[in-house]
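> Structure below; questions to follow.
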Amino acid sequence: MGLLGNELAFARALTPQERESVMALGSRKHYAADAHLLTEGDRSSHVLIIIRGWVTVSVATDRGATRLILGLRGPGELLGEMAALDPHPRSATVRALGPTETQVISGDAFRRFLALHPRVSGLVIRQLTFRLRSADQERSALASLTVLQRLASRLTELSRAEPSGPYHPAVPGCATHTGTVVQLAQDELAATIGATREAVAKALKLLRTQHVVRTGNRMVEILDPELLALLADGHQE
């Protein structure tokens, strides 16, 4: 399972000249926490490059109001490229986890830039391919892993993410003197693993009794990362 992915963020894969040229195509826009940057089913075609903040990428499920979070995206990430490259509606909703700043570029301007810069076009294709494979892995995990395994895997992934690069992203996981804190609410964690909030609360209770995690308001602190990783792999305590 992979929510963050291991690919280098789009803007950080550009040369300084390419980055300057891409940013010059658009304008800055700020979003408040919980604001929708892009909406599933919308017919807009602009793309976004995150400058500051983190967002969730989610899709609707067969359970009505329930959504499945497919990814967390941070500084340097490119969003909305699929709608810029084909005439179909947006395939996912992007929501700000906190105050977020982006560069907004029209779909037409972005397509013209890619036509003139094949190396950058190749980066976009690589990103699309990587995200497609990641989505396939997520669907496989939903079908084969228990809620506890999926939760342990997700918490392990987020706790191991490290800020890097010139944008200095603050990932939703930060170190403390006792462990690493994942800063997501239980309903958000549930949405990242395709489970109900009640199922995640039950799994977290089990992890607390084993002193693997400590929970609080919108946070899970990892106390025993080694045991958590074992649980993610299917080992039982």
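Chain lettering (A, B, ...) mirrors the order of the structure tokens, residue numbering begins at 1 for each chain separately, and ligand numbering begins at 1 in order of display.
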For range 78-157 of chain A against range 11-28 of chain A, with a cut-off of 10 Å and counting only C-alpha atoms, what is the closest atom pair and its distance in Å to one decimal for every residue that makes the cut, ordered by chain and number, as CSV?

```
residue,atom,partner,partner_atom,distance
A:Leu78,CA,A:Ala11,CA,7.4
A:Glu101,CA,A:Arg28,CA,7.0
A:Thr102,CA,A:Arg28,CA,5.7
A:Gln103,CA,A:Arg28,CA,4.6
A:Val104,CA,A:Gly26,CA,5.2
A:Ile105,CA,A:Gly26,CA,4.3
A:Ser106,CA,A:Gly26,CA,7.0
A:Ala109,CA,A:Leu25,CA,6.7
A:Phe110,CA,A:Leu25,CA,7.6
A:Phe113,CA,A:Val22,CA,7.7
A:Leu114,CA,A:Val22,CA,9.7
A:His117,CA,A:Glu18,CA,8.8
A:Arg119,CA,A:Leu14,CA,9.1
A:Val120,CA,A:Leu14,CA,7.3
A:Leu123,CA,A:Ala13,CA,7.7
```
> Those same residues - C-alpha atoms - I'd like them written as a tab-separated table (two decimals), in the first residue's frame.

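The resulting file, out-v3.tsv, is shown below:
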```
chain	number	residue	atom	x	y	z
A	78	LEU	CA	1.17	18.19	-9.73
A	101	GLU	CA	-1.08	27.53	-1.52
A	102	THR	CA	-0.93	26.47	-5.15
A	103	GLN	CA	0.06	27.64	-8.60
A	104	VAL	CA	-2.97	27.41	-10.92
A	105	ILE	CA	-2.24	26.83	-14.63
A	106	SER	CA	-4.87	26.60	-17.37
A	109	ALA	CA	-1.29	26.59	-21.35
A	110	PHE	CA	-0.11	23.37	-19.72
A	113	PHE	CA	4.09	23.75	-22.61
A	114	LEU	CA	4.25	19.94	-22.67
A	117	HIS	CA	9.11	20.38	-23.65
A	119	ARG	CA	11.31	15.93	-21.12
A	120	VAL	CA	8.65	17.52	-18.91
A	123	LEU	CA	7.77	13.36	-16.27
```
> I'd like the contact shell of range 201-208 of chain A - 8 Å cut-off, only C-alpha atoms, skipping same-chain residues fewer than 4 positions apart - returned as a VMD selection string.
chain A and resid 147 to 148 151 186 197 212 to 215
> Excluding Gly98 in chain A and its own-chain neighbours fewer than 3 positions away, which residues fall within 7 Å of it when counting only C-alpha atoms? Please give them as a ChimeraX atom specification.
/A:32-34,53-54
> DSSP on the backbone: which residues in range 28-161 of chain A end up as helix (DSSP H, G or I)? Give the answer as a PyMOL selection string.
chain A and resi 81-85+107-116+118-144+147-160
> Using only C-alpha atoms for the distances, tell me which of A:Pro87, A:Asp233, A:His46, A:Glu138 is nearest to Ile69 in chain A.
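Using only C-alpha atoms, the shortest distance to Ile69 in chain A belongs to A:Glu138.
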> Skipping near chain neighbours, those fewer than 5 positions away, what residues fall within 10 Å of Leu231 in chain A using only C-alpha atoms, listed as number ranges by chain?
A: 148-153, 156, 207, 225-226, 236-237
> Check range 82-205 of chain A with DSSP on the backbone and list each residue it calls strand (DSSP E), as a VMD selection string.
chain A and resid 93 to 96 100 to 105 173 to 175 180 to 182
> So, counting only C-alpha atoms, which residue among A:Leu145, A:Leu68, A:Ala35, A:Leu158 is closest to Ala232 in chain A?
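Among A:Leu145, A:Leu68, A:Ala35, A:Leu158, it is A:Leu145 that comes nearest to Ala232 in chain A.
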> Give me the residues near His36 in chain A as an NGL selection string, where near means some atom within 9 Å (using only C-alpha atoms) and where sequence neighbours in that chain fewer than 6 positions away do not count.
:A and (93-96)
> Return the single residue from A:Ala199, A:Ala83, A:Ile193, A:Leu155 that is closest to Met219 in chain A, with distances computed using only C-alpha atoms.
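With only C-alpha atoms as the atom set, the closest residue is A:Leu155.
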> So how far away is CA of Ser91 in chain A from CA of Thr39 in chain A, in Å?
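A separation of 8.2 Å between them.
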> Restricting the calculation to only C-alpha atoms: of A:Leu70, A:Thr180, A:Met82, A:Gly107, which residue gets closest to Gln127 in chain A?
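Closest to Gln127 in chain A, using only C-alpha atoms: A:Met82.
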> Calculated over only C-alpha atoms, which of the candidates A:Glu221, A:Glu40, A:Glu188, A:Asp108 has the smallest distance to Ala92 in chain A?
A:Glu40
> Which one of A:Asn217, A:Thr196, A:Gln210, A:Ser44 sits closest to Arg67 in chain A if you count only C-alpha atoms?
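Of A:Asn217, A:Thr196, A:Gln210, A:Ser44, the one nearest Arg67 in chain A, counting only C-alpha atoms, is A:Thr196.
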> Work out how far CA of Arg218 in chain A is from CA of Ala9 in chain A, in Å to one decimal.
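Separating CA of Ala9 in chain A from CA of Arg218 in chain A is a distance of 26.1 Å.
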